[in-house]
file structure.tsv (TSV, C-alpha atoms)
chain	number	residue	atom	x	y	z
A	1	MET	CA	128.11	50.87	112.35
A	2	LYS	CA	124.73	51.22	110.63
A	3	ARG	CA	122.56	48.12	110.42
A	4	TYR	CA	120.59	47.21	107.33
A	5	VAL	CA	116.96	48.13	107.82
A	6	GLY	CA	114.02	47.93	105.46
A	7	LEU	CA	113.15	50.67	103.01
A	8	LEU	CA	109.67	51.11	104.55
A	9	SER	CA	111.17	51.77	107.99
A	10	GLU	CA	113.70	54.19	106.55
A	11	VAL	CA	110.93	56.17	104.85
A	12	ASN	CA	108.81	56.15	108.02
A	13	ASP	CA	111.81	57.49	109.91
A	14	LEU	CA	112.19	60.34	107.42
A	15	ARG	CA	108.48	61.13	107.64
A	16	GLN	CA	108.63	61.30	111.43
A	17	LYS	CA	111.15	64.12	111.20
A	18	ASN	CA	108.32	66.33	109.94
A	19	GLN	CA	106.23	65.86	113.09
A	20	THR	CA	105.09	69.16	114.55
A	21	ASP	CA	103.89	67.87	117.92
A	22	VAL	CA	107.24	67.28	119.65
A	23	ASP	CA	107.18	70.62	121.48
A	24	ALA	CA	103.64	69.88	122.67
A	25	TYR	CA	104.75	66.62	124.29
A	26	ILE	CA	107.68	68.33	125.98
A	27	LYS	CA	105.20	70.79	127.52
A	28	ILE	CA	102.98	67.91	128.61
A	29	ALA	CA	105.95	66.12	130.19
A	30	LYS	CA	106.87	69.24	132.14
A	31	ARG	CA	103.32	69.44	133.43
A	32	TYR	CA	103.17	65.86	134.75
A	33	GLU	CA	106.87	65.04	135.35
A	34	GLY	CA	108.07	61.55	136.34
A	35	LYS	CA	108.85	58.44	134.31
A	36	ILE	CA	107.53	58.29	130.74
A	37	LEU	CA	106.42	55.43	128.50
A	38	GLU	CA	105.85	56.06	124.80
A	39	LEU	CA	103.79	53.46	122.96
A	40	GLY	CA	104.68	52.88	119.31
A	41	SER	CA	107.76	55.08	119.69
A	42	GLY	CA	108.98	54.44	116.14
A	43	SER	CA	112.49	55.72	115.54
A	44	GLY	CA	112.34	57.97	118.60
A	45	ASN	CA	111.39	61.38	117.25
A	46	ILE	CA	109.47	62.31	120.40
A	47	SER	CA	111.26	60.12	122.94
A	48	ILE	CA	114.72	61.40	122.05
A	49	GLU	CA	113.65	64.99	122.69
A	50	LEU	CA	112.09	63.98	126.02
A	51	ALA	CA	115.32	62.18	126.98
A	52	LYS	CA	117.28	65.33	126.11
A	53	GLU	CA	115.11	67.18	128.64
A	54	GLY	CA	116.34	64.73	131.28
A	55	TYR	CA	113.30	62.46	131.54
A	56	GLU	CA	113.61	58.71	132.03
A	57	VAL	CA	111.90	57.35	128.92
A	58	THR	CA	110.86	53.81	128.01
A	59	CYS	CA	110.06	53.25	124.33
A	60	LEU	CA	107.78	50.38	123.29
A	61	GLU	CA	107.93	49.53	119.59
A	62	ILE	CA	106.79	46.43	117.67
A	63	HIS	CA	109.09	46.80	114.64
A	64	ARG	CA	112.74	45.79	115.06
A	65	ASP	CA	113.87	48.05	112.21
A	66	MET	CA	112.46	51.12	113.94
A	67	ILE	CA	114.25	50.16	117.16
A	68	HIS	CA	117.51	49.81	115.21
A	69	LEU	CA	117.00	53.29	113.74
A	70	HIS	CA	116.28	54.66	117.23
A	71	GLU	CA	119.46	53.02	118.59
A	72	GLU	CA	121.55	54.72	115.92
A	73	LYS	CA	120.38	58.12	117.13
A	74	LEU	CA	121.25	57.58	120.78
A	75	ASN	CA	124.33	59.24	122.19
A	76	GLU	CA	125.91	59.03	125.64
A	77	SER	CA	123.92	61.92	127.03
A	78	ILE	CA	120.54	60.26	126.42
A	79	ALA	CA	121.33	56.53	126.21
A	80	ASP	CA	121.42	56.15	130.01
A	81	ASN	CA	117.86	57.40	130.49
A	82	THR	CA	116.40	55.62	127.43
A	83	THR	CA	115.09	52.05	127.48
A	84	LEU	CA	114.05	50.42	124.19
A	85	VAL	CA	111.57	47.54	124.36
A	86	LEU	CA	110.40	45.32	121.51
A	87	GLY	CA	106.72	44.68	122.19
A	88	ASP	CA	103.06	44.98	121.28
A	89	MET	CA	101.13	47.91	122.77
A	90	CYS	CA	98.03	45.70	123.08
A	91	SER	CA	99.76	43.10	125.27
A	92	PHE	CA	102.77	44.34	127.20
A	93	ASP	CA	103.96	43.81	130.77
A	94	LEU	CA	107.00	45.86	131.80
A	95	GLU	CA	106.55	45.25	135.54
A	96	GLU	CA	106.81	48.94	136.42
A	97	LYS	CA	104.64	52.04	136.70
A	98	PHE	CA	104.85	55.28	134.75
A	99	ASP	CA	103.71	58.82	135.50
A	100	LEU	CA	103.05	59.65	131.85
A	101	ILE	CA	102.15	57.27	129.02
A	102	ILE	CA	101.91	58.60	125.46
A	103	ALA	CA	100.17	57.27	122.35
A	104	ALA	CA	100.97	59.99	119.81
A	105	ASN	CA	100.69	60.73	116.11
A	106	ASN	CA	97.66	58.63	115.10
A	107	LEU	CA	99.05	55.50	116.76
A	108	VAL	CA	95.54	54.40	117.80
A	109	ASN	CA	94.45	54.24	114.17
A	110	SER	CA	96.65	51.15	113.87
A	111	VAL	CA	94.51	49.52	116.58
A	112	LYS	CA	91.89	48.11	114.25
A	113	THR	CA	89.28	46.50	116.53
A	114	THR	CA	87.36	47.37	119.67
A	115	GLU	CA	88.73	44.23	121.32
A	116	ASP	CA	92.33	45.28	120.66
A	117	MET	CA	91.59	48.80	121.90
A	118	ARG	CA	90.27	47.33	125.15
A	119	LEU	CA	93.43	45.22	125.46
A	120	MET	CA	95.62	48.29	124.95
A	121	LEU	CA	93.71	50.28	127.57
A	122	SER	CA	93.94	47.35	129.98
A	123	SER	CA	97.72	47.15	129.48
A	124	VAL	CA	98.04	50.91	129.98
A	125	LYS	CA	96.05	50.79	133.22
A	126	LYS	CA	98.45	48.21	134.66
A	127	HIS	CA	101.36	50.55	134.03
A	128	LEU	CA	99.97	53.89	135.21
A	129	SER	CA	101.07	55.16	138.61
A	130	SER	CA	98.34	56.31	141.02
A	131	ALA	CA	98.75	59.89	139.76
A	132	GLY	CA	99.71	58.86	136.24
A	133	VAL	CA	98.21	60.26	133.03
A	134	PHE	CA	97.68	58.57	129.67
A	135	VAL	CA	97.70	60.95	126.68
A	136	ILE	CA	96.16	59.60	123.49
A	137	GLU	CA	96.14	61.72	120.31
A	138	CYS	CA	94.98	61.25	116.73
A	139	ASP	CA	93.51	63.28	113.88
A	140	TYR	CA	89.85	64.23	114.01
A	141	PRO	CA	87.96	62.15	111.40
A	142	ASN	CA	86.96	64.72	108.79
A	143	ILE	CA	84.71	62.71	106.47
A	144	GLU	CA	84.59	65.36	103.74
A	145	GLU	CA	88.38	65.48	103.55
A	146	MET	CA	88.48	61.69	103.37
A	147	LYS	CA	86.02	61.66	100.48
A	148	ALA	CA	88.21	64.14	98.61
A	149	LYS	CA	91.30	61.95	99.15
A	150	HIS	CA	89.62	58.61	98.41
A	151	ASP	CA	91.51	56.55	95.82
A	152	ILE	CA	93.73	59.51	94.87
A	153	GLU	CA	97.40	58.64	94.53
A	154	VAL	CA	99.80	61.07	96.20
A	155	LYS	CA	103.49	61.08	95.25
A	156	THR	CA	106.31	62.61	97.28
A	157	TYR	CA	110.01	62.71	96.48
A	158	PHE	CA	113.00	63.11	98.77
A	159	GLU	CA	116.56	61.93	99.34
A	160	ASN	CA	117.34	59.03	101.65
A	161	PRO	CA	120.44	60.16	103.60
A	162	ARG	CA	121.23	56.57	104.63
A	163	SER	CA	121.73	55.47	101.02
A	164	GLN	CA	122.19	58.90	99.41
A	165	MET	CA	119.63	57.89	96.82
A	166	ASN	CA	116.37	59.42	95.68
A	167	VAL	CA	113.05	58.03	96.84
A	168	GLU	CA	109.58	58.12	95.32
A	169	ASN	CA	106.81	57.46	97.86
A	170	LYS	CA	103.35	56.72	96.39
A	171	VAL	CA	100.35	56.37	98.71
A	172	THR	CA	96.79	55.65	97.60
A	173	PRO	CA	94.21	55.69	100.42
A	174	LYS	CA	90.89	53.87	100.05
A	175	TYR	CA	88.18	54.51	102.62
A	176	ASN	CA	85.31	52.28	103.68
A	177	PHE	CA	82.80	54.76	105.05
A	178	ASN	CA	80.43	52.07	106.30
A	179	ASN	CA	83.04	50.39	108.48
A	180	LEU	CA	85.10	53.54	109.00
A	181	THR	CA	88.37	52.00	107.90
A	182	ARG	CA	91.19	53.07	105.60
A	183	GLN	CA	93.49	50.96	103.48
A	184	ASP	CA	96.67	52.51	102.09
A	185	ARG	CA	98.43	51.04	99.07
A	186	ILE	CA	102.06	52.11	99.41
A	187	VAL	CA	104.73	51.80	96.74
A	188	ILE	CA	108.20	53.05	97.65
A	189	THR	CA	110.97	53.12	95.07
A	190	GLU	CA	114.59	54.02	95.72
A	191	PHE	CA	116.60	54.91	92.64
A	192	LYS	CA	119.83	56.43	91.43
A	193	ASN	CA	120.39	57.82	87.95
A	194	ASP	CA	116.96	56.46	86.94
A	195	ARG	CA	118.00	52.94	87.94
A	196	ILE	CA	115.84	51.24	90.56
A	197	LYS	CA	117.83	49.95	93.54
A	198	ARG	CA	115.07	48.95	95.96
A	199	ARG	CA	111.28	48.82	95.80
A	200	ILE	CA	108.61	47.77	98.27
A	201	GLN	CA	104.84	47.47	97.87
A	202	VAL	CA	102.67	47.10	100.97
A	203	ILE	CA	99.05	47.38	102.04
A	204	LYS	CA	98.38	48.96	105.44
A	205	ASP	CA	95.00	48.94	107.19
A	206	PHE	CA	93.75	51.49	109.69
A	207	LYS	CA	90.68	52.10	111.84
A	208	ILE	CA	89.05	55.54	111.85
A	209	TRP	CA	87.92	56.17	115.41
A	210	LEU	CA	85.10	58.61	116.11
A	211	PRO	CA	85.40	60.71	119.29
A	212	GLU	CA	82.24	59.20	120.76
A	213	GLU	CA	83.58	55.68	120.16
A	214	LEU	CA	86.75	56.45	122.07
A	215	GLN	CA	84.88	58.21	124.84
A	216	GLN	CA	82.62	55.18	125.31
A	217	LEU	CA	85.59	52.82	125.37
A	218	PHE	CA	87.29	54.93	128.03
A	219	LYS	CA	84.11	54.84	130.10
A	220	ASP	CA	83.70	51.07	129.68
A	221	GLU	CA	87.31	50.50	130.76
A	222	LYS	CA	86.83	52.81	133.77
A	223	MET	CA	89.31	55.42	132.62
A	224	HIS	CA	88.42	58.96	133.61
A	225	ILE	CA	88.75	61.73	130.99
A	226	MET	CA	90.34	64.54	132.97
A	227	LEU	CA	90.82	66.73	129.88
A	228	GLU	CA	90.06	66.59	126.17
A	229	SER	CA	90.98	68.93	123.34
A	230	GLY	CA	90.67	69.38	119.61
A	231	ASN	CA	94.28	70.58	119.35
A	232	ILE	CA	97.51	69.07	120.68
A	233	HIS	CA	99.06	72.53	121.08
A	234	ASN	CA	96.18	74.36	122.78
A	235	ILE	CA	93.11	73.47	124.82
A	236	GLU	CA	89.95	73.85	122.75
A	237	PRO	CA	86.68	71.91	122.30
A	238	ILE	CA	86.55	68.87	120.04
A	239	ASN	CA	84.20	69.62	117.15
A	240	LYS	CA	83.86	69.17	113.40
A	241	ASN	CA	86.50	71.86	112.80
A	242	SER	CA	89.10	70.20	115.01
A	243	LYS	CA	92.41	68.99	113.66
A	244	HIS	CA	93.09	66.59	116.51
A	245	MET	CA	91.42	64.56	119.23
A	246	VAL	CA	93.48	64.58	122.41
A	247	PHE	CA	92.41	62.82	125.60
A	248	PHE	CA	94.13	62.98	128.98
A	249	LEU	CA	93.08	59.90	130.97
A	250	LYS	CA	93.47	58.75	134.56
A	251	ILE	CA	92.47	55.60	136.41
call {"tool": "encode", "arguments": {"input": "structure.tsv", "output": "structure tokens"}}
result
Amino acid sequence: MKRYVGLLSEVNDLRQKNQTDVDAYIKIAKRYEGKILELGSGSGNISIELAKEGYEVTCLEIHRDMIHLHEEKLNESIADNTTLVLGDMCSFDLEEKFDLIIAANNLVNSVKTTEDMRLMLSSVKKHLSSAGVFVIECDYPNIEEMKAKHDIEVKTYFENPRSQMNVENKVTPKYNFNNLTRQDRIVITEFKNDRIKRRIQVIKDFKIWLPEELQQLFKDEKMHIMLESGNIHNIEPINKNSKHMVFFLKI
């Protein structure tokens, strides 16, 4: 039986289906093996595929609706090696160690302060095995692209299979280039035959992390960068032309 979940979570779930980095994380898992923890696992787009590969996966997520959506996708073959945990990635204690911890898909941009980033790294360190690796990945901050997108509304349309209704998703990003932050104004409208059924308006804030900021934080928290790349799919230098910033960390 499907639970009621919020429209914002349903749309986020649909957006996650377009992720292109799932295969990359499967390759990473095969390289490091062992037990896996995914921070901010959402509705399970990555974790479900890892569970299908036979890995024991723990999924930490702060939003109940996303956990409910993840639960709906679990079947017998992957439910036994999947553990869902409601919790905050900046202050969690699972009382176990992991061989691979993942913070994928711009998750760190939702960590908005240096203090909270330190807390997250501290929590991760407590949960890494002696040979464990923490993989953290986000988009490279391309300032020129941000300037071009500043205060420009973008509309997308799609069908919500849960309700079989049409959805309009409007996002307007506003950047503060002095503080390196982004604020998204999001308006989501679900409708059928031009009649509005559900609508939600939210403001979401994000931190734009520069590579040198992250590198200094890793150093301060005594986490060793064993590998870094400007692409989640291939190993290449991080530079102004990079699409991603990927760091492989050890303690």
call {"tool": "residues_near_point", "arguments": {"input": "structure.tsv", "point": "(92.7, 63.4, 129.7)", "cutoff": "8 Å", "atoms": "all atoms listed in the file", "output": "VMD selection string"}}
result
chain A and resid 133 to 135 224 to 228 246 to 250
call {"tool": "closest_residue", "arguments": {"input": "structure.tsv", "among": "A:Glu61, A:Asp151, A:Glu56, A:Asp21", "to": "Leu100 in chain A", "atoms": "all atoms listed in the file"}}
result
A:Glu56
call {"tool": "residues_around", "arguments": {"input": "structure.tsv", "residues": "Asp93 in chain A", "least_positions_apart": "3", "cutoff": "9 Å", "atoms": "only C-alpha atoms", "output": "ChimeraX atom specification"}}
result
/A:96,123,126-127
call {"tool": "atom_distance", "arguments": {"input": "structure.tsv", "atom1": "CA of Pro173 in chain A", "atom2": "CA of Val11 in chain A"}}
result
17.3 Å
call {"tool": "atom_distance", "arguments": {"input": "structure.tsv", "atom1": "CA of Lys125 in chain A", "atom2": "CA of Cys138 in chain A"}}
result
19.6 Å
call {"tool": "decode", "arguments": {"input": "structure.tsv", "residues": "range 130-160 of chain A", "atoms": "N, CA and C atoms", "output": "PDB file, in the first residue's frame"}}
result
ATOM      1  N   SER A 130      39.200   0.897   9.396  1.00  0.00           N
ATOM      2  CA  SER A 130      40.618   1.281   9.286  1.00  0.00           C
ATOM      3  C   SER A 130      41.062   1.418   7.842  1.00  0.00           C
ATOM      4  N   ALA A 131      40.457   0.646   6.944  1.00  0.00           N
ATOM      5  CA  ALA A 131      40.788   0.738   5.511  1.00  0.00           C
ATOM      6  C   ALA A 131      39.679   1.432   4.730  1.00  0.00           C
ATOM      7  N   GLY A 132      38.732   2.034   5.442  1.00  0.00           N
ATOM      8  CA  GLY A 132      37.562   2.607   4.796  1.00  0.00           C
ATOM      9  C   GLY A 132      37.841   3.867   4.000  1.00  0.00           C
ATOM     10  N   VAL A 133      36.976   4.152   3.035  1.00  0.00           N
ATOM     11  CA  VAL A 133      37.113   5.304   2.145  1.00  0.00           C
ATOM     12  C   VAL A 133      35.806   6.098   2.152  1.00  0.00           C
ATOM     13  N   PHE A 134      35.951   7.416   2.236  1.00  0.00           N
ATOM     14  CA  PHE A 134      34.803   8.322   2.141  1.00  0.00           C
ATOM     15  C   PHE A 134      34.866   9.023   0.798  1.00  0.00           C
ATOM     16  N   VAL A 135      33.810   8.883  -0.015  1.00  0.00           N
ATOM     17  CA  VAL A 135      33.752   9.515  -1.331  1.00  0.00           C
ATOM     18  C   VAL A 135      32.741  10.657  -1.269  1.00  0.00           C
ATOM     19  N   ILE A 136      33.220  11.854  -1.566  1.00  0.00           N
ATOM     20  CA  ILE A 136      32.380  13.043  -1.522  1.00  0.00           C
ATOM     21  C   ILE A 136      32.411  13.691  -2.910  1.00  0.00           C
ATOM     22  N   GLU A 137      31.228  13.986  -3.459  1.00  0.00           N
ATOM     23  CA  GLU A 137      31.156  14.455  -4.849  1.00  0.00           C
ATOM     24  C   GLU A 137      30.123  15.571  -4.987  1.00  0.00           C
ATOM     25  N   CYS A 138      30.518  16.623  -5.713  1.00  0.00           N
ATOM     26  CA  CYS A 138      29.580  17.704  -6.016  1.00  0.00           C
ATOM     27  C   CYS A 138      30.030  18.376  -7.312  1.00  0.00           C
ATOM     28  N   ASP A 139      29.191  19.260  -7.834  1.00  0.00           N
ATOM     29  CA  ASP A 139      29.538  19.975  -9.060  1.00  0.00           C
ATOM     30  C   ASP A 139      30.658  20.974  -8.800  1.00  0.00           C
ATOM     31  N   TYR A 140      31.501  21.150  -9.796  1.00  0.00           N
ATOM     32  CA  TYR A 140      32.513  22.206  -9.711  1.00  0.00           C
ATOM     33  C   TYR A 140      31.812  23.561  -9.815  1.00  0.00           C
ATOM     34  N   PRO A 141      32.183  24.527  -8.969  1.00  0.00           N
ATOM     35  CA  PRO A 141      31.496  25.830  -8.971  1.00  0.00           C
ATOM     36  C   PRO A 141      31.919  26.719 -10.136  1.00  0.00           C
ATOM     37  N   ASN A 142      31.183  26.634 -11.225  1.00  0.00           N
ATOM     38  CA  ASN A 142      31.472  27.446 -12.410  1.00  0.00           C
ATOM     39  C   ASN A 142      30.754  28.793 -12.262  1.00  0.00           C
ATOM     40  N   ILE A 143      31.499  29.819 -11.900  1.00  0.00           N
ATOM     41  CA  ILE A 143      30.907  31.123 -11.586  1.00  0.00           C
ATOM     42  C   ILE A 143      30.225  31.743 -12.809  1.00  0.00           C
ATOM     43  N   GLU A 144      30.817  31.593 -13.985  1.00  0.00           N
ATOM     44  CA  GLU A 144      30.213  32.168 -15.183  1.00  0.00           C
ATOM     45  C   GLU A 144      28.861  31.529 -15.486  1.00  0.00           C
ATOM     46  N   GLU A 145      28.762  30.221 -15.310  1.00  0.00           N
ATOM     47  CA  GLU A 145      27.475  29.551 -15.520  1.00  0.00           C
ATOM     48  C   GLU A 145      26.447  30.029 -14.497  1.00  0.00           C
ATOM     49  N   MET A 146      26.891  30.228 -13.274  1.00  0.00           N
ATOM     50  CA  MET A 146      25.984  30.715 -12.231  1.00  0.00           C
ATOM     51  C   MET A 146      25.457  32.103 -12.569  1.00  0.00           C
ATOM     52  N   LYS A 147      26.326  32.968 -13.057  1.00  0.00           N
ATOM     53  CA  LYS A 147      25.895  34.323 -13.428  1.00  0.00           C
ATOM     54  C   LYS A 147      24.845  34.268 -14.526  1.00  0.00           C
ATOM     55  N   ALA A 148      25.013  33.344 -15.464  1.00  0.00           N
ATOM     56  CA  ALA A 148      24.058  33.224 -16.568  1.00  0.00           C
ATOM     57  C   ALA A 148      22.704  32.694 -16.087  1.00  0.00           C
ATOM     58  N   LYS A 149      22.703  31.926 -14.995  1.00  0.00           N
ATOM     59  CA  LYS A 149      21.465  31.326 -14.485  1.00  0.00           C
ATOM     60  C   LYS A 149      20.810  32.167 -13.396  1.00  0.00           C
ATOM     61  N   HIS A 150      21.506  33.198 -12.918  1.00  0.00           N
ATOM     62  CA  HIS A 150      21.026  33.980 -11.779  1.00  0.00           C
ATOM     63  C   HIS A 150      19.654  34.606 -12.047  1.00  0.00           C
ATOM     64  N   ASP A 151      18.721  34.313 -11.168  1.00  0.00           N
ATOM     65  CA  ASP A 151      17.376  34.897 -11.194  1.00  0.00           C
ATOM     66  C   ASP A 151      16.620  34.588 -12.488  1.00  0.00           C
ATOM     67  N   ILE A 152      16.943  33.479 -13.134  1.00  0.00           N
ATOM     68  CA  ILE A 152      16.249  33.049 -14.348  1.00  0.00           C
ATOM     69  C   ILE A 152      15.367  31.847 -13.997  1.00  0.00           C
ATOM     70  N   GLU A 153      14.085  31.998 -14.173  1.00  0.00           N
ATOM     71  CA  GLU A 153      13.160  30.910 -13.864  1.00  0.00           C
ATOM     72  C   GLU A 153      13.248  29.818 -14.925  1.00  0.00           C
ATOM     73  N   VAL A 154      13.334  28.576 -14.463  1.00  0.00           N
ATOM     74  CA  VAL A 154      13.354  27.421 -15.360  1.00  0.00           C
ATOM     75  C   VAL A 154      12.139  26.549 -15.055  1.00  0.00           C
ATOM     76  N   LYS A 155      11.366  26.236 -16.092  1.00  0.00           N
ATOM     77  CA  LYS A 155      10.183  25.400 -15.937  1.00  0.00           C
ATOM     78  C   LYS A 155      10.420  24.044 -16.589  1.00  0.00           C
ATOM     79  N   THR A 156       9.986  22.989 -15.904  1.00  0.00           N
ATOM     80  CA  THR A 156       9.991  21.648 -16.484  1.00  0.00           C
ATOM     81  C   THR A 156       8.619  21.032 -16.248  1.00  0.00           C
ATOM     82  N   TYR A 157       8.242  20.138 -17.156  1.00  0.00           N
ATOM     83  CA  TYR A 157       6.935  19.497 -17.076  1.00  0.00           C
ATOM     84  C   TYR A 157       7.113  17.989 -17.193  1.00  0.00           C
ATOM     85  N   PHE A 158       6.353  17.243 -16.422  1.00  0.00           N
ATOM     86  CA  PHE A 158       6.399  15.791 -16.500  1.00  0.00           C
ATOM     87  C   PHE A 158       5.151  15.219 -15.837  1.00  0.00           C
ATOM     88  N   GLU A 159       4.986  13.909 -15.956  1.00  0.00           N
ATOM     89  CA  GLU A 159       3.850  13.241 -15.324  1.00  0.00           C
ATOM     90  C   GLU A 159       4.298  12.600 -14.026  1.00  0.00           C
ATOM     91  N   ASN A 160       3.484  12.727 -13.001  1.00  0.00           N
ATOM     92  CA  ASN A 160       3.734  12.071 -11.720  1.00  0.00           C
ATOM     93  C   ASN A 160       3.040  10.708 -11.754  1.00  0.00           C
TER      94      ASN A 160
END
